[in-house]
file data-v5.txt (compact mmCIF, C-alpha atoms and all ligand atoms)
# COMPACT_ATOMS: atom_id res chain seq x y z
CA MET L 1 -28.78 -2.41 -5.75
CA HIS L 2 -27.57 -2.71 -2.18
CA SER L 3 -28.71 -0.25 0.43
CA SER L 4 -26.88 -0.88 3.71
CA PRO L 5 -23.33 0.47 4.09
CA PHE L 6 -22.56 -1.44 7.29
CA GLU L 7 -24.16 -4.82 6.68
CA PHE L 8 -20.83 -6.70 6.52
CA SER L 9 -18.81 -4.79 9.07
CA SER L 10 -18.79 -4.80 12.84
CA ASP L 11 -16.29 -1.94 13.01
CA ASN L 12 -18.06 0.81 11.12
CA LYS L 13 -16.40 0.14 7.79
CA ARG L 14 -18.27 0.60 4.54
CA TYR L 15 -16.92 -2.59 3.06
CA HIS L 16 -16.97 -6.28 3.92
CA THR L 17 -14.05 -6.65 6.27
CA LEU L 18 -11.94 -9.73 6.88
CA SER L 19 -12.43 -9.45 10.62
CA TYR L 20 -16.23 -9.49 10.12
CA HIS L 21 -15.85 -12.58 7.93
CA PHE L 22 -13.68 -14.37 10.51
CA ARG L 23 -16.05 -13.59 13.36
CA SER L 24 -19.11 -14.68 11.42
CA ILE L 25 -17.52 -17.99 10.29
CA PHE L 26 -15.18 -18.90 13.16
CA GLY L 27 -16.54 -16.77 16.02
CA HIS L 28 -13.20 -14.99 16.43
CA LYS L 29 -10.37 -13.42 14.50
CA LEU L 30 -7.65 -15.50 12.84
CA TYR L 31 -4.05 -14.45 12.17
CA LYS L 32 -1.89 -15.41 9.22
CA ALA L 33 1.36 -17.32 9.69
CA ALA L 34 3.53 -17.14 6.56
CA ILE L 35 5.22 -20.27 5.21
CA ASP L 36 7.95 -20.36 2.57
CA CYS L 37 8.47 -23.89 1.22
CA GLY L 38 11.18 -22.89 -1.23
CA PHE L 39 8.92 -23.62 -4.22
CA THR L 40 9.61 -21.88 -7.52
CA CYS L 41 7.29 -20.61 -10.26
CA PRO L 42 6.77 -21.70 -13.91
CA ASN L 43 7.21 -18.06 -14.83
CA ALA L 44 10.68 -18.00 -13.31
CA ASP L 45 12.14 -21.45 -13.99
CA GLY L 46 11.79 -21.33 -17.78
CA THR L 47 8.70 -23.57 -18.04
CA LYS L 48 6.51 -20.64 -19.09
CA GLY L 49 8.88 -17.74 -18.74
CA THR L 50 12.01 -16.46 -17.11
CA GLY L 51 12.51 -13.57 -14.73
CA GLY L 52 8.95 -13.75 -13.39
CA CYS L 53 6.33 -10.98 -13.33
CA ILE L 54 8.16 -7.65 -13.50
CA PHE L 55 7.08 -6.61 -9.97
CA CYS L 56 7.81 -9.97 -8.29
CA ASP L 57 10.45 -10.53 -5.67
CA GLY L 58 9.19 -14.07 -5.01
CA GLY L 59 6.66 -13.02 -2.38
CA SER L 60 8.85 -14.70 0.18
CA GLY L 61 7.50 -14.96 3.69
CA TYR L 62 8.31 -11.84 5.63
CA PHE L 63 9.10 -13.65 8.83
CA THR L 64 10.13 -17.10 7.70
CA ARG L 65 12.83 -18.85 5.72
CA HIS L 66 12.59 -21.84 3.44
CA GLY L 67 14.81 -24.77 4.29
CA LEU L 68 13.02 -24.99 7.65
CA SER L 69 10.18 -27.48 8.08
CA VAL L 70 6.57 -26.29 7.95
CA THR L 71 6.25 -27.10 11.66
CA THR L 72 9.35 -25.08 12.56
CA GLN L 73 8.15 -22.10 10.53
CA LEU L 74 4.71 -22.26 12.13
CA ASP L 75 6.29 -22.50 15.60
CA SER L 76 8.29 -19.38 14.90
CA GLU L 77 5.24 -17.55 13.54
CA ARG L 78 3.17 -18.68 16.54
CA LYS L 79 5.74 -17.17 18.91
CA ARG L 80 5.66 -13.88 16.99
CA LEU L 81 1.85 -13.76 16.98
CA ASN L 82 1.51 -14.83 20.62
CA LYS L 83 3.87 -12.05 21.66
CA LYS L 84 1.72 -9.50 19.84
CA TYR L 85 -1.84 -10.82 20.35
CA GLY L 86 -1.67 -13.57 23.01
CA SER L 87 -2.69 -17.11 22.16
CA VAL L 88 -4.57 -16.88 18.85
CA PRO L 89 -5.80 -19.33 16.18
CA ILE L 90 -3.81 -19.13 12.97
CA ILE L 91 -4.10 -19.57 9.23
CA ALA L 92 -1.15 -21.45 7.76
CA TYR L 93 -0.43 -19.32 4.70
CA PHE L 94 1.63 -20.93 1.94
CA GLN L 95 2.76 -17.59 0.60
CA ALA L 96 6.06 -17.54 -1.26
CA ASN L 97 6.09 -18.14 -5.02
CA THR L 98 3.67 -20.73 -6.49
CA ASN L 99 2.49 -23.10 -3.80
CA THR L 100 0.88 -25.74 -6.02
CA TYR L 101 3.96 -26.04 -8.22
CA ALA L 102 5.80 -29.06 -6.82
CA PRO L 103 5.47 -32.86 -6.95
CA ILE L 104 2.11 -33.98 -5.57
CA THR L 105 3.70 -36.07 -2.80
CA GLU L 106 5.62 -33.04 -1.56
CA LEU L 107 2.53 -30.82 -1.66
CA ARG L 108 0.47 -33.41 0.24
CA GLU L 109 3.16 -33.78 2.89
CA LYS L 110 3.50 -29.99 3.44
CA TYR L 111 -0.24 -29.27 3.48
CA LEU L 112 -0.98 -32.13 5.90
CA GLU L 113 1.90 -31.11 8.14
CA ALA L 114 0.40 -27.61 8.40
CA ALA L 115 -3.12 -28.96 8.99
CA SER L 116 -1.90 -31.09 11.89
CA CYS L 117 -0.10 -28.26 13.72
CA PRO L 118 -1.72 -26.97 16.93
CA ASP L 119 -3.76 -23.77 16.63
CA VAL L 120 -3.99 -24.02 12.81
CA ALA L 121 -7.67 -23.32 12.09
CA ALA L 122 -7.45 -22.82 8.31
CA ILE L 123 -5.04 -22.97 5.37
CA SER L 124 -4.41 -20.47 2.58
CA ILE L 125 -2.51 -21.42 -0.57
CA GLY L 126 -1.17 -18.75 -2.92
CA THR L 127 -0.86 -19.84 -6.55
CA ARG L 128 -1.43 -19.23 -10.28
CA SER L 129 -4.38 -20.50 -12.34
CA ASP L 130 -2.17 -22.46 -14.70
CA CYS L 131 -0.74 -24.55 -11.84
CA LEU L 132 -3.89 -26.45 -10.88
CA PRO L 133 -3.77 -29.87 -12.56
CA ASP L 134 -6.45 -32.43 -11.65
CA GLU L 135 -4.36 -34.19 -9.00
CA VAL L 136 -3.66 -30.88 -7.22
CA LEU L 137 -7.35 -29.96 -7.32
CA GLU L 138 -8.22 -33.35 -5.82
CA LEU L 139 -5.61 -32.85 -3.10
CA ILE L 140 -6.90 -29.38 -2.21
CA SER L 141 -10.49 -30.62 -2.29
CA ASP L 142 -9.59 -33.46 0.09
CA LEU L 143 -7.74 -31.02 2.38
CA ASN L 144 -10.77 -28.72 2.30
CA SER L 145 -12.92 -31.55 3.69
CA ARG L 146 -10.63 -31.67 6.75
CA ILE L 147 -9.92 -27.98 7.36
CA PRO L 148 -11.17 -24.74 5.72
CA VAL L 149 -8.96 -23.91 2.72
CA THR L 150 -8.72 -20.72 0.69
CA VAL L 151 -6.82 -20.60 -2.60
CA GLU L 152 -5.36 -17.14 -3.23
CA LEU L 153 -5.26 -16.75 -6.97
CA GLY L 154 -3.32 -14.09 -8.86
CA MET L 155 -5.53 -12.36 -11.43
CA GLN L 156 -3.84 -8.90 -11.40
CA THR L 157 -5.94 -7.45 -14.26
CA VAL L 158 -8.54 -8.45 -16.84
CA HIS L 159 -6.46 -6.94 -19.68
CA ASN L 160 -4.31 -9.32 -21.71
CA GLU L 161 -2.16 -6.49 -23.09
CA THR L 162 -1.18 -5.59 -19.51
CA LEU L 163 -0.57 -9.24 -18.62
CA ARG L 164 1.86 -9.40 -21.55
CA ARG L 165 3.45 -6.10 -20.51
CA ILE L 166 4.17 -7.40 -16.98
CA ASN L 167 5.47 -10.75 -18.28
CA ARG L 168 2.73 -12.69 -16.52
CA CYS L 169 2.92 -15.60 -19.00
CA CYS L 170 -0.70 -16.47 -18.21
CA ASP L 171 -3.57 -14.78 -20.02
CA HIS L 172 -7.01 -13.96 -18.67
CA GLU L 173 -8.60 -16.98 -20.36
CA GLU L 174 -6.19 -19.32 -18.54
CA PHE L 175 -6.96 -17.49 -15.31
CA LEU L 176 -10.71 -18.01 -15.86
CA GLU L 177 -10.27 -21.71 -16.47
CA GLY L 178 -8.38 -22.22 -13.19
CA TYR L 179 -10.83 -20.05 -11.25
CA HIS L 180 -13.89 -21.99 -12.47
CA ARG L 181 -12.24 -25.35 -11.82
CA LEU L 182 -11.63 -24.34 -8.19
CA LYS L 183 -15.22 -23.14 -7.79
CA GLU L 184 -16.56 -26.40 -9.29
CA LYS L 185 -14.79 -28.12 -6.37
CA ASN L 186 -16.41 -25.73 -3.89
CA ILE L 187 -13.06 -24.32 -2.83
CA ARG L 188 -13.00 -20.84 -1.34
CA VAL L 189 -11.11 -18.45 -3.67
CA CYS L 190 -9.61 -15.03 -2.98
CA LEU L 191 -8.48 -13.11 -6.08
CA HIS L 192 -5.49 -10.76 -6.09
CA ILE L 193 -5.49 -7.66 -8.27
CA ILE L 194 -3.05 -4.77 -8.65
CA ASN L 195 -4.08 -1.19 -9.44
CA GLY L 196 -1.70 1.07 -11.33
CA LEU L 197 -0.08 -1.54 -13.59
CA PRO L 198 1.93 -0.01 -16.47
CA GLY L 199 -0.24 1.45 -19.21
CA GLU L 200 -3.54 1.08 -17.32
CA THR L 201 -6.05 3.91 -17.00
CA ALA L 202 -8.60 4.23 -14.17
CA ASP L 203 -11.29 2.96 -16.56
CA MET L 204 -9.25 -0.17 -17.25
CA MET L 205 -8.95 -0.79 -13.49
CA LEU L 206 -12.72 -0.42 -13.18
CA GLU L 207 -13.16 -2.98 -15.96
CA THR L 208 -11.11 -5.40 -13.86
CA ALA L 209 -13.46 -4.75 -10.91
CA LYS L 210 -16.47 -5.35 -13.18
CA GLU L 211 -15.03 -8.71 -14.20
CA ILE L 212 -14.60 -9.58 -10.52
CA ALA L 213 -18.23 -8.56 -9.91
CA THR L 214 -19.26 -11.00 -12.63
CA LEU L 215 -17.10 -13.79 -11.19
CA HIS L 216 -18.35 -13.06 -7.65
CA PRO L 217 -15.39 -14.58 -5.76
CA ASP L 218 -15.41 -15.29 -2.02
CA GLY L 219 -12.69 -12.73 -1.37
CA VAL L 220 -10.48 -10.20 -3.09
CA LYS L 221 -7.18 -8.55 -2.26
CA LEU L 222 -6.76 -5.06 -3.71
CA GLN L 223 -3.46 -3.26 -3.79
CA MET L 224 -1.35 -0.74 -5.71
CA LEU L 225 1.71 -1.45 -7.82
CA HIS L 226 4.82 -1.42 -5.65
CA VAL L 227 8.36 -1.00 -6.85
CA ILE L 228 10.49 -3.41 -4.85
CA GLN L 229 14.28 -3.58 -4.85
CA GLY L 230 15.79 -6.25 -7.07
CA THR L 231 12.83 -6.54 -9.48
CA ARG L 232 12.67 -5.80 -13.20
CA LEU L 233 10.14 -3.11 -12.38
CA ALA L 234 12.77 -1.37 -10.24
CA ASP L 235 15.04 -1.12 -13.31
CA GLU L 236 12.20 0.29 -15.43
CA TYR L 237 11.26 2.71 -12.66
CA SER L 238 14.81 4.02 -12.35
CA SER L 239 14.89 4.64 -16.11
CA GLY L 240 11.84 6.89 -15.70
CA SER L 241 9.47 4.81 -17.84
CA ILE L 242 6.98 3.97 -15.05
CA THR L 243 4.43 6.32 -13.48
CA LEU L 244 2.89 5.22 -10.19
CA LEU L 245 -0.49 6.16 -8.71
CA SER L 246 -0.69 9.01 -6.20
CA GLN L 247 -2.49 8.30 -2.93
CA GLU L 248 -5.46 10.40 -4.09
CA GLU L 249 -5.72 8.46 -7.36
CA TYR L 250 -5.50 5.14 -5.55
CA THR L 251 -8.17 6.16 -3.03
CA ASP L 252 -10.52 7.25 -5.81
CA ILE L 253 -10.05 4.01 -7.77
CA ILE L 254 -10.58 1.82 -4.70
CA VAL L 255 -13.80 3.65 -3.79
CA ARG L 256 -15.14 3.22 -7.33
CA GLN L 257 -14.12 -0.45 -7.41
CA LEU L 258 -15.78 -1.13 -4.05
CA GLU L 259 -19.06 0.34 -5.32
CA ILE L 260 -19.07 -2.20 -8.16
CA LEU L 261 -18.07 -5.31 -6.18
CA PRO L 262 -20.63 -7.70 -4.69
CA PRO L 263 -21.37 -6.80 -1.05
CA ASP L 264 -20.67 -10.33 0.18
CA THR L 265 -17.20 -10.59 -1.40
CA VAL L 266 -14.76 -10.21 1.50
CA ILE L 267 -12.19 -7.42 1.07
CA GLU L 268 -9.16 -9.28 2.41
CA ARG L 269 -6.74 -6.47 1.64
CA ILE L 270 -7.39 -2.89 0.60
CA THR L 271 -3.86 -1.54 0.42
CA GLY L 272 -0.32 -2.78 -0.17
CA ASP L 273 1.36 -5.18 2.17
CA GLY L 274 4.89 -5.20 0.83
CA ASP L 275 8.19 -5.45 2.67
CA ARG L 276 8.93 -1.86 3.71
CA ARG L 277 12.65 -2.57 3.90
CA LYS L 278 12.70 -3.22 0.16
CA LEU L 279 10.09 -0.68 -0.95
CA ILE L 280 11.37 1.90 -3.44
CA SER L 281 8.05 3.56 -4.30
CA PRO L 282 5.34 4.73 -3.69
CA MET L 283 6.49 5.67 -0.19
CA TRP L 284 3.00 6.87 0.79
CA SER L 285 1.90 3.21 0.67
CA ALA L 286 4.16 2.43 3.64
CA ASP L 287 1.74 4.26 5.94
CA LYS L 288 -1.06 1.70 5.71
CA LYS L 289 -3.13 3.30 8.47
CA SER L 290 -3.23 6.58 6.59
CA VAL L 291 -4.19 4.87 3.29
CA ILE L 292 -7.03 2.96 4.98
CA ALA L 293 -8.21 6.06 6.86
CA GLY L 294 -8.22 8.01 3.57
CA ILE L 295 -10.39 5.35 1.91
CA ASP L 296 -12.82 5.31 4.88
CA LYS L 297 -13.02 9.11 4.81
CA ARG L 298 -13.71 9.22 1.07
CA LEU L 299 -16.41 6.53 1.33
CA SER L 300 -18.05 8.51 4.11
CA GLU L 301 -17.80 11.89 2.31
CA LEU L 302 -19.46 10.40 -0.77
CA ASP L 303 -21.90 8.42 1.38
CA THR L 304 -21.14 5.33 -0.64
CA TRP L 305 -20.15 1.72 0.14
CA GLN L 306 -19.15 -1.66 -1.25
CA GLY L 307 -21.87 -3.00 -3.52
CA ARG L 308 -23.83 0.25 -3.84
CA LEU L 309 -23.72 -0.09 -7.64
CA TYR L 310 -23.68 -3.87 -7.76
CA ASP L 311 -26.74 -5.28 -9.45
CA ASN L 312 -27.04 -9.01 -8.82
CA ARG L 313 -29.66 -9.37 -11.58
CA ARG L 314 -26.90 -8.53 -14.06
CA ASN L 315 -23.97 -9.60 -11.87
CA SER L 316 -22.39 -6.25 -12.65
CA ILE L 317 -23.31 -2.61 -13.00
S1 LIG P 1 3.32 -15.80 -10.81
FE1 LIG P 1 3.59 -15.05 -8.71
S2 LIG P 1 5.47 -16.04 -7.97
FE2 LIG P 1 5.42 -16.29 -10.22
S3 LIG P 1 6.63 -14.58 -10.99
FE3 LIG P 1 4.48 -13.90 -10.99
S4 LIG P 1 4.12 -12.90 -8.99
FE4 LIG P 1 6.06 -14.07 -8.87

call {"tool": "encode", "arguments": {"input": "data-v5.txt", "output": "structure tokens"}}
result
Amino acid sequence: MHSSPFEFSSDNKRYHTLSYHFRSIFGHKLYKAAIDCGFTCPNADGTKGTGGCIFCDGGSGYFTRHGLSVTTQLDSERKRLNKKYGSVPIIAYFQANTNTYAPITELREKYLEAASCPDVAAISIGTRSDCLPDEVLELISDLNSRIPVTVELGMQTVHNETLRRINRCCDHEEFLEGYHRLKEKNIRVCLHIINGLPGETADMMLETAKEIATLHPDGVKLQMLHVIQGTRLADEYSSGSITLLSQEEYTDIIVRQLEILPPDTVIERITGDGDRRKLISPMWSADKKSVIAGIDKRLSELDTWQGRLYDNRRNSI
């Protein structure tokens, strides 16, 4: 059991914050610059499926456009960040779609271009577990020896029936294989999960958190299901067949998941980060400050914290 609520936070949070992680590793905060290389996804191009995951709008970079070079996109992102925060070190974030799903020569060229840009202190690569062939793993491993790399891996849920329901076209066993292959190469991994997927109860979401506790990843991104314009989920939602979490339900689930997770797993996101201009529901998620404040308040009221119920002798509760 873990007994210190503030061990991994310098800003009074009861969970292991990303800013604490950055400061302890790099000595300062880093800021993400989104890159959209115009890649596709095996779940959209017919290789494994068509139409993609039902909630997906391609995850395209909020501030960038594909068709532009990596350097041009990073220049534009640097200007945006400098205007807001002054001159800051950045993480080149290959964000849109599946960023290991392209010919190896193209991937190498894009990754190295990002690594050589001024102010780029680290690289993040968003992808799926079933898009990590040996040559891509070797490439990422080589990149990781030059610059810190994180692979952001979609897990979403531990439940295969939900993965089928959301048209993921990748089951949990395939996810596990990709995750372990990355860890064997000593690559930093941040898992993405979604709370409130269709058909899931709170207990099922806790089971997903327990699986993460067993895997003990470097980081995790937690968020709620969003309904975004133009997705298959939006059609289902308008037909009335989808029920979304209330803010209170989401807060309660997050608090219970945090208690289970290992204290040293960095919480890289604790609420949704979708494009507000395309958000259909839940509208409460658009007020991120209020969602985060509600989670902090609940943790404090219950006098609980990330890892309180984590038992590293069993790797789970
Ligand atoms: S795997 Fe990612 S990019 Fe592909 S359809 Fe699903 S959410 Fe979208």

call {"tool": "closest_residue", "arguments": {"input": "data-v5.txt", "among": "L:Lys48, L:Arg128, L:Arg23, L:Arg164", "to": "ligand LIG 1 (chain P)", "atoms": "only C-alpha atoms and all ligand atoms"}}
result
L:Arg128

call {"tool": "atom_distance", "arguments": {"input": "data-v5.txt", "atom1": "atom CA of L:Cys169", "atom2": "atom CA of L:Leu191"}}
result
17.4 Å

call {"tool": "atom_distance", "arguments": {"input": "data-v5.txt", "atom1": "atom CA of L:His21", "atom2": "atom CA of L:Gln257"}}
result
19.6 Å

call {"tool": "residues_around", "arguments": {"input": "data-v5.txt", "residues": "L:Asn12", "least_positions_apart": "3", "cutoff": "12 Å", "atoms": "only C-alpha atoms", "output": "PyMOL selection string"}}
result
chain L and resi 4-9+15-17+19-20+293+296-297+299-300+305

call {"tool": "residues_near_ligand", "arguments": {"input": "data-v5.txt", "ligand": "ligand LIG 1 (chain P)", "cutoff": "7 Å", "atoms": "only C-alpha atoms and all ligand atoms", "output": "NGL selection string"}}
result
:L and (41-44 or 52-53 or 56-59 or 96-98 or 127-128 or 154 or 168)

call {"tool": "closest_residue", "arguments": {"input": "data-v5.txt", "among": "L:Gln306, L:Gln247, L:Gly274, L:Ala234", "to": "L:Ser290", "atoms": "all atoms listed in the file"}}
result
L:Gln247

call {"tool": "atom_distance", "arguments": {"input": "data-v5.txt", "atom1": "atom CA of L:Met155", "atom2": "atom CA of L:Leu112"}}
result
26.7 Å

call {"tool": "residues_around", "arguments": {"input": "data-v5.txt", "residues": "L:Ser141", "least_positions_apart": "3", "cutoff": "9 Å", "atoms": "all atoms listed in the file", "output": "number ranges by chain"}}
result
L: 136-138, 144-145, 149, 182, 185-187

call {"tool": "residues_around", "arguments": {"input": "data-v5.txt", "residues": "L:Glu77", "least_positions_apart": "4", "cutoff": "7 Å", "atoms": "only C-alpha atoms", "output": "list in words"}}
result
Ala33, Gln73 and Leu81 of chain L

call {"tool": "residues_around", "arguments": {"input": "data-v5.txt", "residues": "L:Asp252", "least_positions_apart": "4", "cutoff": "8 Å", "atoms": "all atoms listed in the file", "output": "ChimeraX atom specification"}}
result
/L:248,256,295,298

call {"tool": "residues_around", "arguments": {"input": "data-v5.txt", "residues": "L:Ile270", "least_positions_apart": "6", "cutoff": "12 Å", "atoms": "all atoms listed in the file", "output": "number ranges by chain"}}
result
L: 13, 15-18, 192-195, 219-224, 250-251, 253-255, 257-258, 285, 288-296, 306

call {"tool": "write_last_selection", "arguments": {"input": "data-v5.txt", "atoms": "C-alpha atoms", "output": "tab-separated table (two decimals), keeping the file's coordinate frame"}}
result
chain	number	residue	atom	x	y	z
L	13	LYS	CA	-16.40	0.14	7.79
L	15	TYR	CA	-16.92	-2.59	3.06
L	16	HIS	CA	-16.97	-6.28	3.92
L	17	THR	CA	-14.05	-6.65	6.27
L	18	LEU	CA	-11.94	-9.73	6.88
L	192	HIS	CA	-5.49	-10.76	-6.09
L	193	ILE	CA	-5.49	-7.66	-8.27
L	194	ILE	CA	-3.05	-4.77	-8.65
L	195	ASN	CA	-4.08	-1.19	-9.44
L	219	GLY	CA	-12.69	-12.73	-1.37
L	220	VAL	CA	-10.48	-10.20	-3.09
L	221	LYS	CA	-7.18	-8.55	-2.26
L	222	LEU	CA	-6.76	-5.06	-3.71
L	223	GLN	CA	-3.46	-3.26	-3.79
L	224	MET	CA	-1.35	-0.74	-5.71
L	250	TYR	CA	-5.50	5.14	-5.55
L	251	THR	CA	-8.17	6.16	-3.03
L	253	ILE	CA	-10.05	4.01	-7.77
L	254	ILE	CA	-10.58	1.82	-4.70
L	255	VAL	CA	-13.80	3.65	-3.79
L	257	GLN	CA	-14.12	-0.45	-7.41
L	258	LEU	CA	-15.78	-1.13	-4.05
L	285	SER	CA	1.90	3.21	0.67
L	288	LYS	CA	-1.06	1.70	5.71
L	289	LYS	CA	-3.13	3.30	8.47
L	290	SER	CA	-3.23	6.58	6.59
L	291	VAL	CA	-4.19	4.87	3.29
L	292	ILE	CA	-7.03	2.96	4.98
L	293	ALA	CA	-8.21	6.06	6.86
L	294	GLY	CA	-8.22	8.01	3.57
L	295	ILE	CA	-10.39	5.35	1.91
L	296	ASP	CA	-12.82	5.31	4.88
L	306	GLN	CA	-19.15	-1.66	-1.25

call {"tool": "closest_residue", "arguments": {"input": "data-v5.txt", "among": "L:Glu200, L:Glu268, L:Asp142, L:Asp11", "to": "L:Arg165", "atoms": "all atoms listed in the file"}}
result
L:Glu200

call {"tool": "closest_residue", "arguments": {"input": "data-v5.txt", "among": "L:Gly178, L:His172, L:Leu143, L:Gly49", "to": "L:Arg108", "atoms": "all atoms listed in the file"}}
result
L:Leu143

call {"tool": "closest_residue", "arguments": {"input": "data-v5.txt", "among": "L:Asn82, L:Asp275, L:Leu245, L:Asp36", "to": "L:Gly67", "atoms": "all atoms listed in the file"}}
result
L:Asp36
